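In what follows, a structure is listed as structure tokens, so that the remarks can point back to it.
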Amino acid sequence: MTSTMPGQASPDGAGGTPAIRLRGAALSFGDRTLWEGLDLDIMPGEFFAVLGPNGSGKTSFLKVLLGLQPLDTGTATIAGRPITRGSRNLGYIPQQKSFPPETPLRARDLVGLGVDGHRWGLRMRNRHYDETVHRLLRDVGAESYADAPVGLLSGGEQQRLRAAQALATDPAVLLCDEPLLSLDLNHQQAVSALIDRQRREKNSAVVFVTHEINPVIDYVDRVLYLADGRFRVGSPAEVMTSEVLSELYDSPVEVLHSNGRIVVVGLPDATTHHHESA
Ligand SMILES: Nc1ncnc2c1ncn2[C@@H]1O[C@H](COP(=O)(O)OP(=O)(O)OP(=O)(O)O)[C@@H](O)[C@H]1O
């Protein structure tokens, strides 16, 4: 069973080409359906959060947009065109994995790959390259470790470099998979503000996968909430309610509001992680 808020296809019914469009999208693994009948337009400049418990399909949703995971049925386009892998239109902050200690890259080289990594052969590193890398390192507060080998940096320091790298091309669509994991509160705020600035100043559409909406609650325009093969799309005020989440989880869930934060009480444990036995 799936459900959406009325009129969810586009946030304000505005015209123009959506940054991302899904029509009749469905994805299953074995007899487990992650979602079906998903119709969605994400507009340029929109901050779109994807929420849901472990295993509900958040990363799989990003993989579809990255061209790494075909849909079972339906279509997906980016800027009106079919999705291709490795597009310069896409920036991607992957779910965190540490670089091995011996990785032969300095922090500034990693960010630099976002600037010119698409070019083969001899790289002409000019002033534009140097200035862009410097600006990106500064934006994520990484100047002090710019020359350190990436494999020796902490998880949070590495994550800030990934954010800088993903922003290097001013992508039309910025896909973020739990980008705030292992960041302290200051850097959570710095990185989420940076992502917000990207969509405001450059009109990038942001798709932001997260377990926790509160760090970005002030930025989020709409939410896709996935749970147990069901979904809801709408503004945080429409989706983050006791009624909607209880229906999605098929179990009583209470949503409390406190000082602008959302507290969800009574989430069932691992509701969606019933792997089919092989
Ligand atoms: N290629 C695949 N083949 C089979 N099953 C898969 C594949 N990719 C994902 N799955 C399954 O689909 C479900 C959704 O996985 P996904 O990684 O999208 O969840 P998620 O919501 O991102 O979870 P988490 O919050 O734990 O990161 C999981 O049960 C996973 O095991």
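So you can find residues: chains in the structure tokens are A, B, ... in the order shown, residues in each start at 1, and ligands are numbered from 1 in order.
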**Message:** If the limit is 10 Å from any atom of ligand 1, counting only C-alpha atoms and all ligand atoms, which residues qualify? Return them as a ChimeraX atom specification.
**Reply:** /A:27-30,32-34,50-64,68-69,95,177-178,209-211,226-229,270,272-276
Could you write out that same residue set with N, CA and C atoms as a compact mmCIF listing (two decimals), in the first residue's frame?
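Everything below was put into selection33.txt:
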```txt
# COMPACT_ATOMS: atom_id res chain seq x y z
N LEU A 27 10.25 -0.16 -6.71
CA LEU A 27 11.48 -0.92 -6.51
C LEU A 27 11.24 -2.00 -5.45
N SER A 28 11.61 -3.22 -5.81
CA SER A 28 11.49 -4.34 -4.86
C SER A 28 12.77 -5.16 -4.90
N PHE A 29 13.05 -5.82 -3.82
CA PHE A 29 14.11 -6.84 -3.81
C PHE A 29 13.45 -8.13 -3.35
N GLY A 30 13.49 -9.16 -4.17
CA GLY A 30 12.75 -10.39 -3.86
C GLY A 30 11.28 -10.05 -3.74
N ARG A 32 10.10 -8.29 -1.34
CA ARG A 32 10.04 -7.12 -0.46
C ARG A 32 9.97 -5.83 -1.29
N THR A 33 8.86 -5.14 -1.16
CA THR A 33 8.66 -3.90 -1.90
C THR A 33 9.14 -2.72 -1.07
N LEU A 34 10.07 -1.92 -1.65
CA LEU A 34 10.51 -0.71 -0.93
C LEU A 34 9.53 0.43 -1.18
N VAL A 50 14.73 12.75 2.84
CA VAL A 50 14.23 11.38 2.77
C VAL A 50 14.46 10.74 4.13
N LEU A 51 13.37 10.35 4.77
CA LEU A 51 13.41 9.80 6.12
C LEU A 51 12.86 8.39 6.12
N GLY A 52 13.21 7.66 7.18
CA GLY A 52 12.64 6.32 7.33
C GLY A 52 13.58 5.46 8.14
N PRO A 53 13.08 4.36 8.68
CA PRO A 53 13.91 3.49 9.52
C PRO A 53 14.94 2.73 8.70
N ASN A 54 15.84 2.02 9.38
CA ASN A 54 16.84 1.19 8.70
C ASN A 54 16.17 0.26 7.71
N GLY A 55 16.75 0.18 6.55
CA GLY A 55 16.28 -0.78 5.57
C GLY A 55 15.01 -0.39 4.83
N SER A 56 14.56 0.86 4.99
CA SER A 56 13.30 1.25 4.35
C SER A 56 13.50 1.65 2.88
N GLY A 57 14.76 1.86 2.48
CA GLY A 57 15.00 2.13 1.05
C GLY A 57 15.54 3.52 0.76
N LYS A 58 16.05 4.21 1.75
CA LYS A 58 16.53 5.58 1.54
C LYS A 58 17.76 5.59 0.60
N THR A 59 18.73 4.73 0.92
CA THR A 59 19.93 4.68 0.08
C THR A 59 19.57 4.16 -1.31
N SER A 60 18.65 3.22 -1.38
CA SER A 60 18.24 2.70 -2.69
C SER A 60 17.60 3.80 -3.53
N PHE A 61 16.87 4.69 -2.88
CA PHE A 61 16.27 5.83 -3.58
C PHE A 61 17.39 6.69 -4.21
N LEU A 62 18.44 6.95 -3.44
CA LEU A 62 19.56 7.73 -4.00
C LEU A 62 20.24 6.97 -5.13
N LYS A 63 20.37 5.65 -4.97
CA LYS A 63 21.03 4.86 -6.02
C LYS A 63 20.27 4.94 -7.34
N VAL A 64 18.94 4.99 -7.25
CA VAL A 64 18.15 5.15 -8.48
C VAL A 64 18.52 6.48 -9.14
N LEU A 68 22.58 3.97 -10.46
CA LEU A 68 23.23 2.73 -10.03
C LEU A 68 22.22 1.62 -9.77
N GLN A 69 20.95 1.99 -9.72
CA GLN A 69 19.91 1.01 -9.40
C GLN A 69 18.71 1.23 -10.32
N GLN A 95 27.32 7.94 1.98
CA GLN A 95 27.28 7.55 3.38
C GLN A 95 28.72 7.27 3.80
N ASP A 177 23.80 11.41 1.41
CA ASP A 177 23.40 10.22 2.16
C ASP A 177 23.93 10.33 3.58
N GLU A 178 23.08 10.74 4.49
CA GLU A 178 23.45 10.91 5.90
C GLU A 178 24.73 11.74 6.04
N VAL A 209 19.20 12.45 2.61
CA VAL A 209 18.78 11.27 3.36
C VAL A 209 19.25 11.39 4.80
N THR A 210 18.35 11.18 5.73
CA THR A 210 18.73 11.33 7.13
C THR A 210 17.81 10.52 8.04
N HIS A 211 18.36 10.07 9.17
CA HIS A 211 17.52 9.46 10.20
C HIS A 211 16.88 10.52 11.07
N LEU A 226 9.64 7.01 4.19
CA LEU A 226 9.49 5.63 3.74
C LEU A 226 9.37 4.72 4.97
N ALA A 227 8.45 3.79 4.95
CA ALA A 227 8.38 2.81 6.04
C ALA A 227 7.61 1.59 5.58
N ASP A 228 8.28 0.45 5.64
CA ASP A 228 7.62 -0.83 5.44
C ASP A 228 6.82 -0.90 4.13
N GLY A 229 7.42 -0.39 3.06
CA GLY A 229 6.78 -0.47 1.74
C GLY A 229 5.76 0.61 1.49
N ALA A 270 12.96 -1.73 14.36
CA ALA A 270 13.32 -2.42 13.12
C ALA A 270 12.11 -2.94 12.35
N THR A 272 11.06 -2.44 9.53
CA THR A 272 11.17 -2.76 8.11
C THR A 272 12.28 -3.75 7.82
N HIS A 273 12.92 -4.25 8.88
CA HIS A 273 14.08 -5.08 8.60
C HIS A 273 13.79 -6.57 8.64
N HIS A 274 12.63 -6.95 8.13
CA HIS A 274 12.34 -8.38 8.12
C HIS A 274 12.85 -8.98 6.82
N HIS A 275 14.17 -9.24 6.79
CA HIS A 275 14.77 -9.83 5.59
C HIS A 275 14.13 -11.18 5.31
N GLU A 276 13.89 -11.40 4.05
CA GLU A 276 13.34 -12.70 3.67
C GLU A 276 14.41 -13.76 3.91
```
**Item:** Spatial neighbours of Asp196 (chain A), 10 Å, only C-alpha atoms, chain gap at least 5 places, as a PyMOL selection string
**Value:** chain A and resi 45-47+190-191+201-206+216+218-220
**Asked** Taking the backbone alone, and naming residues the way the document does, which bits of region 102-224 of chain A are strand (DSSP E) by DSSP, as a list in words?
**Response**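 The residues of region 102-224 of chain A classed as strand (DSSP E) are Val173, Leu174, Leu175, Cys176, Asp177, Ala205, Val206, Val207, Phe208, Val209, Arg222, Val223 and Leu224 of chain A.
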**Request:** Using CA of Asp170 (chain A) and CA of Leu22 (chain A) as the two end points, give the distance in Å to one decimal.
**Result:**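 Rounded to one decimal, the two atoms are 22.7 Å apart.
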**Asked** What separation in Å, quoted to one decimal, exists between CA of Leu224 (chain A) and CA of Pro268 (chain A)?
**Response**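 Straight-line distance from CA of Leu224 (chain A) to CA of Pro268 (chain A) works out to 18.9 Å.
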**Request:** Enumerate the residues of region 160-215 of chain A with a DSSP assignment of helix (DSSP H, G or I), computed from the backbone, and present them as a PyMOL selection string.
**Result:** chain A and resi 160-167+185-202+214-215
**Request:** Could you jot down the CA of Ala76 (chain A) to CA of Pro18 (chain A) separation for me, Å, one decimal place?
**Result:** 11.1 Å
**Fill in**
Judged by only C-alpha atoms, the minimum distance to Ala26 (chain A) among A:Val207, A:Ile83, A:Leu38, A:Ile213 is found for A:Leu38
Nearby residues (only C-alpha atoms) at most 7 Å from Glu254 (chain A), same-chain spacing under 6 positions excluded, as an mmCIF file with C-alpha atoms, in the first residue's frame:
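Output saved as part-v1.cif:
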```
data_model
loop_
_atom_site.group_PDB
_atom_site.id
_atom_site.type_symbol
_atom_site.label_atom_id
_atom_site.label_comp_id
_atom_site.auth_asym_id
_atom_site.auth_seq_id
_atom_site.Cartn_x
_atom_site.Cartn_y
_atom_site.Cartn_z
ATOM 1 C CA SER A 242 1.138 11.288 15.056
ATOM 2 C CA VAL A 264 8.983 10.909 17.662
ATOM 3 C CA VAL A 265 7.994 8.556 20.463
ATOM 4 C CA GLY A 266 7.087 4.892 20.240
#
```
**Prompt:** Using only C-alpha atoms, which residues sit within 8 Å of region 102-106 of chain A once same-chain residues fewer than 4 positions away are excluded, as a list in words?
**Reply:**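 So the residues in contact are Leu110, Ala146, Asp147, Ala148, Pro149, Val150 and Gly151 of chain A.
Checking A:Ile78, A:Ala49, A:Leu90, A:Val111 one by one against Glu131 (chain A), counting only C-alpha atoms, you find the shortest gap at A:Val111.
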**Request:** Please provide as a PyMOL selection string all residues within 12 Å of Val244 (chain A), with the sequence filter that same-chain residues fewer than 3 positions apart are discarded (counting only C-alpha atoms).
**Result:** chain A and resi 3-5+225-227+230-234+236-241+247-255+264
**Prompt:** If we count only C-alpha atoms, what is near Gln96 (chain A) at a cut-off of 8 Å, once residues fewer than 6 positions away on the same chain are taken out, given as a ChimeraX atom specification?
**Reply:** /A:155,159,178-179,181
